[in-house]
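Here is the file work35.cif (mmCIF, C-alpha atoms).
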```cif
data_structure
#
loop_
_atom_site.label_atom_id
_atom_site.label_comp_id
_atom_site.auth_asym_id
_atom_site.auth_seq_id
_atom_site.Cartn_x
_atom_site.Cartn_y
_atom_site.Cartn_z
CA MET C 2 -54.53 -52.89 -0.53
CA LYS C 3 -51.75 -52.38 -3.05
CA LYS C 4 -53.30 -49.06 -4.11
CA ILE C 5 -53.47 -47.86 -0.51
CA PHE C 6 -49.78 -48.70 -0.09
CA LEU C 7 -48.85 -46.79 -3.23
CA TYR C 8 -50.90 -43.76 -2.16
CA GLY C 9 -49.22 -43.81 1.22
CA LEU C 10 -45.76 -44.03 -0.34
CA MET C 11 -46.51 -41.10 -2.65
CA LEU C 12 -47.75 -39.06 0.33
CA CYS C 13 -44.55 -39.73 2.26
CA LEU C 14 -42.41 -38.72 -0.72
CA SER C 15 -44.41 -35.51 -1.13
CA MET C 16 -43.99 -34.63 2.54
CA THR C 17 -40.23 -35.29 2.28
CA ALA C 18 -39.99 -33.01 -0.75
CA LEU C 19 -41.89 -30.27 1.04
CA THR C 20 -39.68 -30.61 4.08
CA SER C 21 -36.58 -30.33 1.89
CA CYS C 22 -37.99 -27.21 0.24
CA ASN C 23 -38.70 -25.70 3.64
CA ASP C 24 -35.13 -26.43 4.70
CA ASP C 25 -33.82 -24.65 1.58
CA ASN C 26 -36.05 -21.66 2.28
CA ASP C 27 -34.71 -21.48 5.82
CA GLN C 28 -31.18 -21.38 4.46
CA LEU C 29 -32.07 -18.54 2.09
CA THR C 30 -33.66 -16.47 4.83
CA ASP C 31 -30.50 -16.83 6.97
CA SER C 32 -28.51 -14.49 4.66
CA ARG C 33 -28.21 -10.89 5.93
CA LEU C 34 -27.33 -7.59 4.31
CA THR C 35 -24.50 -5.72 6.01
CA TYR C 36 -23.60 -2.06 5.49
CA TYR C 37 -20.00 -0.88 5.58
CA PRO C 38 -18.98 2.48 7.04
CA VAL C 39 -18.08 5.14 4.48
CA LEU C 40 -15.07 7.18 5.60
CA GLU C 41 -14.29 10.72 4.43
CA ILE C 42 -10.94 12.23 5.40
CA GLN C 43 -11.29 15.90 6.24
CA GLY C 44 -8.70 18.01 4.44
CA ASP C 45 -5.97 16.66 2.16
CA GLU C 46 -5.04 12.97 2.09
CA PHE C 47 -1.41 14.04 1.47
CA LEU C 48 -0.59 16.99 3.69
CA GLN C 49 2.58 19.09 3.84
CA VAL C 50 3.68 20.54 7.18
CA PRO C 51 6.79 22.78 7.40
CA ILE C 52 9.24 21.47 9.99
CA GLY C 53 8.86 23.23 13.35
CA SER C 54 5.26 24.25 12.75
CA THR C 55 2.14 22.81 14.40
CA TYR C 56 0.26 19.90 12.89
CA ASN C 57 -3.50 20.28 13.24
CA GLU C 58 -5.41 17.04 12.93
CA GLN C 59 -8.59 17.57 10.89
CA GLY C 60 -10.05 14.15 11.51
CA CYS C 61 -12.29 11.88 9.50
CA THR C 62 -16.08 11.56 9.32
CA ALA C 63 -18.08 8.40 8.73
CA THR C 64 -21.59 7.41 7.70
CA LEU C 65 -23.31 4.03 7.93
CA ASN C 66 -26.31 3.40 5.67
CA GLY C 67 -26.81 7.15 5.36
CA GLU C 68 -26.58 7.85 9.10
CA ASP C 69 -23.77 9.69 10.90
CA TYR C 70 -21.24 7.19 12.30
CA THR C 71 -18.36 9.54 13.10
CA SER C 72 -18.35 8.79 16.83
CA ASN C 73 -17.22 5.24 15.96
CA VAL C 74 -14.12 6.32 14.05
CA LYS C 75 -10.82 5.25 15.65
CA THR C 76 -7.70 7.33 14.90
CA GLU C 77 -4.17 5.94 15.14
CA GLY C 78 -0.75 7.49 14.46
CA SER C 79 1.07 10.69 15.36
CA VAL C 80 3.15 13.42 13.72
CA ASP C 81 6.46 14.79 15.01
CA SER C 82 6.47 18.21 13.37
CA ASN C 83 10.02 18.84 14.60
CA ARG C 84 11.46 16.01 12.52
CA ALA C 85 11.28 15.87 8.73
CA GLY C 86 9.80 12.71 7.24
CA LEU C 87 6.57 10.95 6.38
CA TYR C 88 3.92 10.15 8.97
CA TYR C 89 0.72 8.17 8.62
CA ILE C 90 -2.61 8.77 10.35
CA THR C 91 -5.00 5.83 10.01
CA TYR C 92 -8.75 6.09 10.52
CA SER C 93 -10.94 3.01 10.95
CA ALA C 94 -14.53 2.15 11.78
CA THR C 95 -16.21 -1.19 12.47
CA ASN C 96 -19.86 -1.89 11.68
CA PRO C 97 -22.19 -3.79 14.07
CA ASP C 98 -21.45 -7.04 12.21
CA GLY C 99 -17.72 -6.71 12.94
CA PHE C 100 -16.49 -5.61 9.50
CA THR C 101 -13.84 -2.87 9.52
CA VAL C 102 -12.87 -0.31 6.89
CA SER C 103 -9.92 2.09 7.06
CA ALA C 104 -8.38 5.11 5.36
CA THR C 105 -4.95 6.72 5.72
CA ARG C 106 -3.67 10.27 5.59
CA THR C 107 0.03 10.84 4.76
CA VAL C 108 1.66 13.82 6.45
CA ALA C 109 4.95 15.08 5.01
CA VAL C 110 6.92 17.11 7.53
CA CYS C 111 9.27 18.93 5.16
CA ASP C 112 12.13 21.39 5.27
CA PRO C 113 11.24 24.44 3.10
CA THR C 114 14.92 25.38 2.94
CA ILE C 115 15.58 22.34 0.70
CA THR C 116 14.93 23.83 -2.74
CA THR C 117 16.80 21.28 -4.87
CA ASP C 118 14.41 19.41 -7.14
CA ILE C 119 15.62 15.98 -8.25
CA SER C 120 12.34 14.98 -9.89
CA GLY C 121 12.46 13.58 -13.43
CA THR C 122 12.77 10.41 -15.45
CA TYR C 123 16.02 8.54 -14.81
CA THR C 124 17.68 5.54 -16.47
CA THR C 125 19.53 2.74 -14.69
CA GLN C 126 23.19 3.22 -15.62
CA ASP C 127 26.07 0.85 -16.39
CA GLY C 128 27.67 -0.12 -13.10
CA SER C 129 24.31 -1.08 -11.58
CA TYR C 130 24.11 -4.70 -10.48
CA ARG C 131 22.35 -7.21 -8.27
CA ASN C 132 24.41 -9.18 -5.77
CA TYR C 133 22.60 -12.47 -5.07
CA ASN C 134 24.57 -14.33 -2.43
CA GLY C 135 27.81 -13.36 -4.15
CA THR C 136 26.58 -13.81 -7.72
CA ILE C 137 26.83 -10.49 -9.56
CA THR C 138 24.42 -9.66 -12.40
CA ASN C 139 24.86 -6.35 -14.18
CA TYR C 140 21.89 -4.50 -15.62
CA ALA C 141 21.13 -1.09 -17.13
CA GLY C 142 18.75 0.80 -19.38
CA TYR C 143 15.54 0.72 -17.35
CA SER C 144 13.37 3.70 -16.51
CA VAL C 145 12.75 5.07 -12.99
CA LYS C 146 10.55 8.08 -12.29
CA ILE C 147 11.08 10.42 -9.36
CA LYS C 148 8.40 12.93 -8.38
CA LYS C 149 8.52 15.75 -5.86
CA ALA C 150 5.96 15.23 -3.08
CA ALA C 151 7.06 18.09 -0.81
CA PRO C 152 10.22 20.19 -0.35
CA GLY C 153 13.03 17.66 0.03
CA ILE C 154 10.70 14.62 -0.18
CA PHE C 155 10.43 12.60 -3.38
CA TYR C 156 8.42 9.60 -4.61
CA VAL C 157 10.43 6.87 -6.39
CA SER C 158 8.71 4.52 -8.86
CA ASP C 159 11.19 1.68 -8.32
CA PHE C 160 14.10 1.58 -5.89
CA LEU C 161 15.27 -1.63 -7.60
CA GLY C 162 15.99 0.21 -10.84
CA GLY C 163 13.53 -1.80 -12.93
CA TRP C 164 14.87 -5.24 -12.01
CA TYR C 165 11.56 -7.07 -11.52
CA ASP C 166 9.16 -4.57 -13.05
CA GLN C 167 10.90 -4.24 -16.44
CA ARG C 168 13.89 -6.57 -16.70
CA ALA C 169 12.04 -9.66 -15.44
CA GLY C 170 8.78 -8.46 -17.01
CA TYR C 171 6.69 -8.98 -13.87
CA GLY C 172 4.97 -5.62 -14.19
CA SER C 173 4.54 -2.55 -11.99
CA ALA C 174 3.18 -4.51 -9.00
CA TYR C 175 6.72 -5.82 -8.49
CA ALA C 176 8.44 -2.44 -8.54
CA MET C 177 9.68 -1.25 -5.14
CA THR C 178 7.93 2.09 -4.74
CA GLY C 179 8.52 4.53 -1.89
CA TYR C 180 9.94 7.86 -0.79
CA PHE C 181 13.35 9.49 -0.40
CA GLN C 182 14.24 12.50 1.73
CA LEU C 183 16.94 14.80 0.35
CA LEU C 184 19.10 16.43 3.02
CA ALA C 185 21.10 19.67 2.82
CA ASP C 186 24.37 17.77 2.17
CA ASN C 187 22.73 15.99 -0.83
CA SER C 188 22.57 12.67 0.99
CA LEU C 189 19.34 10.73 0.69
CA VAL C 190 17.34 8.87 3.32
CA GLN C 191 14.81 6.21 2.37
CA LEU C 192 11.57 7.02 4.19
CA SER C 193 9.48 4.09 2.97
CA SER C 194 9.43 1.25 0.46
CA TYR C 195 6.90 -1.35 -0.66
CA VAL C 196 6.58 -4.13 -3.23
CA ALA C 197 2.85 -4.66 -3.71
CA GLY C 198 3.22 -7.99 -5.54
CA TRP C 199 4.95 -9.63 -2.58
CA GLY C 200 3.72 -7.37 0.19
CA ASP C 201 7.19 -6.65 1.56
CA SER C 202 9.80 -3.88 1.61
CA ALA C 203 13.53 -3.16 1.59
CA ASP C 204 15.77 -4.58 4.32
CA TYR C 205 17.90 -1.43 4.25
CA CYS C 206 19.06 1.42 2.05
CA GLU C 207 22.58 2.78 2.46
CA GLY C 208 25.08 5.07 0.80
CA ALA C 209 22.28 7.00 -0.91
CA LYS C 210 23.30 10.34 -2.39
CA TYR C 211 22.58 12.85 -5.13
CA ASP C 212 25.48 14.32 -7.14
CA PRO C 213 24.37 17.76 -8.41
CA ALA C 214 27.42 18.02 -10.67
CA THR C 215 26.45 14.96 -12.72
CA GLY C 216 22.75 14.68 -11.87
CA THR C 217 23.38 11.12 -10.67
CA ILE C 218 21.60 9.29 -7.85
CA SER C 219 23.20 6.19 -6.35
CA TYR C 220 22.43 3.85 -3.46
CA VAL C 221 22.43 0.23 -2.27
CA VAL C 222 19.16 -1.49 -1.36
CA GLY C 223 19.05 -4.76 0.54
CA TYR C 224 16.12 -7.03 -0.22
CA ALA C 225 14.68 -10.41 0.85
CA GLY C 226 17.63 -11.08 3.16
CA ILE C 227 19.82 -12.43 0.33
CA MET C 228 20.11 -9.65 -2.26
CA ALA C 229 21.72 -6.23 -2.56
CA PHE C 230 20.92 -3.94 -5.47
CA ASN C 231 23.60 -1.38 -6.30
CA VAL C 232 21.65 1.18 -8.31
CA ILE C 233 22.97 4.15 -10.31
CA LEU C 234 20.39 6.47 -11.84
CA LYS C 235 20.90 9.36 -14.22
#
```
The structure in this file should be written as structure tokens.
Amino acid sequence: MKKIFLYGLMLCLSMTALTSCNDDNDQLTDSRLTYYPVLEIQGDEFLQVPIGSTYNEQGCTATLNGEDYTSNVKTEGSVDSNRAGLYYITYSATNPDGFTVSATRTVAVCDPTITTDISGTYTTQDGSYRNYNGTITNYAGYSVKIKKAAPGIFYVSDFLGGWYDQRAGYGSAYAMTGYFQLLADNSLVQLSSYVAGWGDSADYCEGAKYDPATGTISYVVGYAGIMAFNVILK
């Protein structure tokens, strides 16, 4: 009788183990493979358009697991070709499982009559400072690179003059990158700004100008609601 009980107990344990294994197998078979759309922007990802001319949208194609998926591409954004500046066209596509991918084209509407080239490597000069709620901290000696993207439009490696990137030692993710537009009177307009490390941008940029006599660039950038960076570059 005792043997029969033991055999029965072992049988129950075996059935429980098999059931548990079956449950695990069910969980494994629940996982699915999803394919993401592959986007391909037609034409240049950074496109120059002379002011007053016509912008022709070239679109974006997509494939999904090797099959054409272009009809599912959604396009957002517009370009005012009568106004100089940067414009962004965003393309996106969502797969059947609800996952979305996107790609962006940058369109620079530029003024070909602006021939001044302010590109080069600049250094933050004495007289630059950060105003933090009334507390002034002077700084100088940090490197900022400016590159020409289109006539009158320039990329800036750090609008903050190296404050976080170099002075604080946080690295390039904490530089405020972006673009300036140079106007005929040598004033500058900030077109965009972005700090990747914090995912934010400038509050404002004012008093920006280029002095061709001295090769100096100066401006004030407001940031995080409590700081103003007075930057002088040469």
On this structure, the PyMOL selection byres ((chain C and resi 127) around 12) would catch which residues? List them as number ranges by chain, sorted by chain and number.
C: 124-126, 128-130, 138-143, 162, 219, 231-235
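Interatomic distance, atom CA of C:Asp98 to atom CA of C:Gly60: 24.1 Å.
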Applied to the shown file, which residues does the PyMOL selection byres ((chain C and resi 112-118) around 6) return, written as a PDB file with C-alpha atoms, keeping the file's coordinate frame?
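out_39.pdb, freshly written:
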```pdb
ATOM      1  CA  PRO C  51       6.790  22.780   7.400  1.00  0.00           C
ATOM      2  CA  ILE C  52       9.240  21.470   9.990  1.00  0.00           C
ATOM      3  CA  CYS C 111       9.270  18.930   5.160  1.00  0.00           C
ATOM      4  CA  ILE C 119      15.620  15.980  -8.250  1.00  0.00           C
ATOM      5  CA  SER C 120      12.340  14.980  -9.890  1.00  0.00           C
ATOM      6  CA  PRO C 152      10.220  20.190  -0.350  1.00  0.00           C
ATOM      7  CA  GLY C 153      13.030  17.660   0.030  1.00  0.00           C
TER       8      GLY C 153
END
```
Near-stretch 198-213 of chain C list (10 Å; all atoms listed in the file; drop same-chain fewer than 4 positions) as a ChimeraX atom specification:
/C:117,119,160-161,171-179,181,183-184,186-194,217-235
Would you be able to write out as a PyMOL selection string which residues have an atom within 7 Å of (10.9, 8.3, -13.6) in the file's coordinates, counting only C-alpha atoms?
chain C and resi 121-123+144-147+158
Preceding selection exported with C-alpha atoms as a compact mmCIF listing (two decimals), in the coordinates of the input:
```
# COMPACT_ATOMS: atom_id res chain seq x y z
CA GLY C 121 12.46 13.58 -13.43
CA THR C 122 12.77 10.41 -15.45
CA TYR C 123 16.02 8.54 -14.81
CA SER C 144 13.37 3.70 -16.51
CA VAL C 145 12.75 5.07 -12.99
CA LYS C 146 10.55 8.08 -12.29
CA ILE C 147 11.08 10.42 -9.36
CA SER C 158 8.71 4.52 -8.86
```
Just how far from atom CA of C:Ala197 is atom CA of C:Gly135, in Å to one decimal?
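Rounded to one decimal, the two atoms are 26.4 Å apart.
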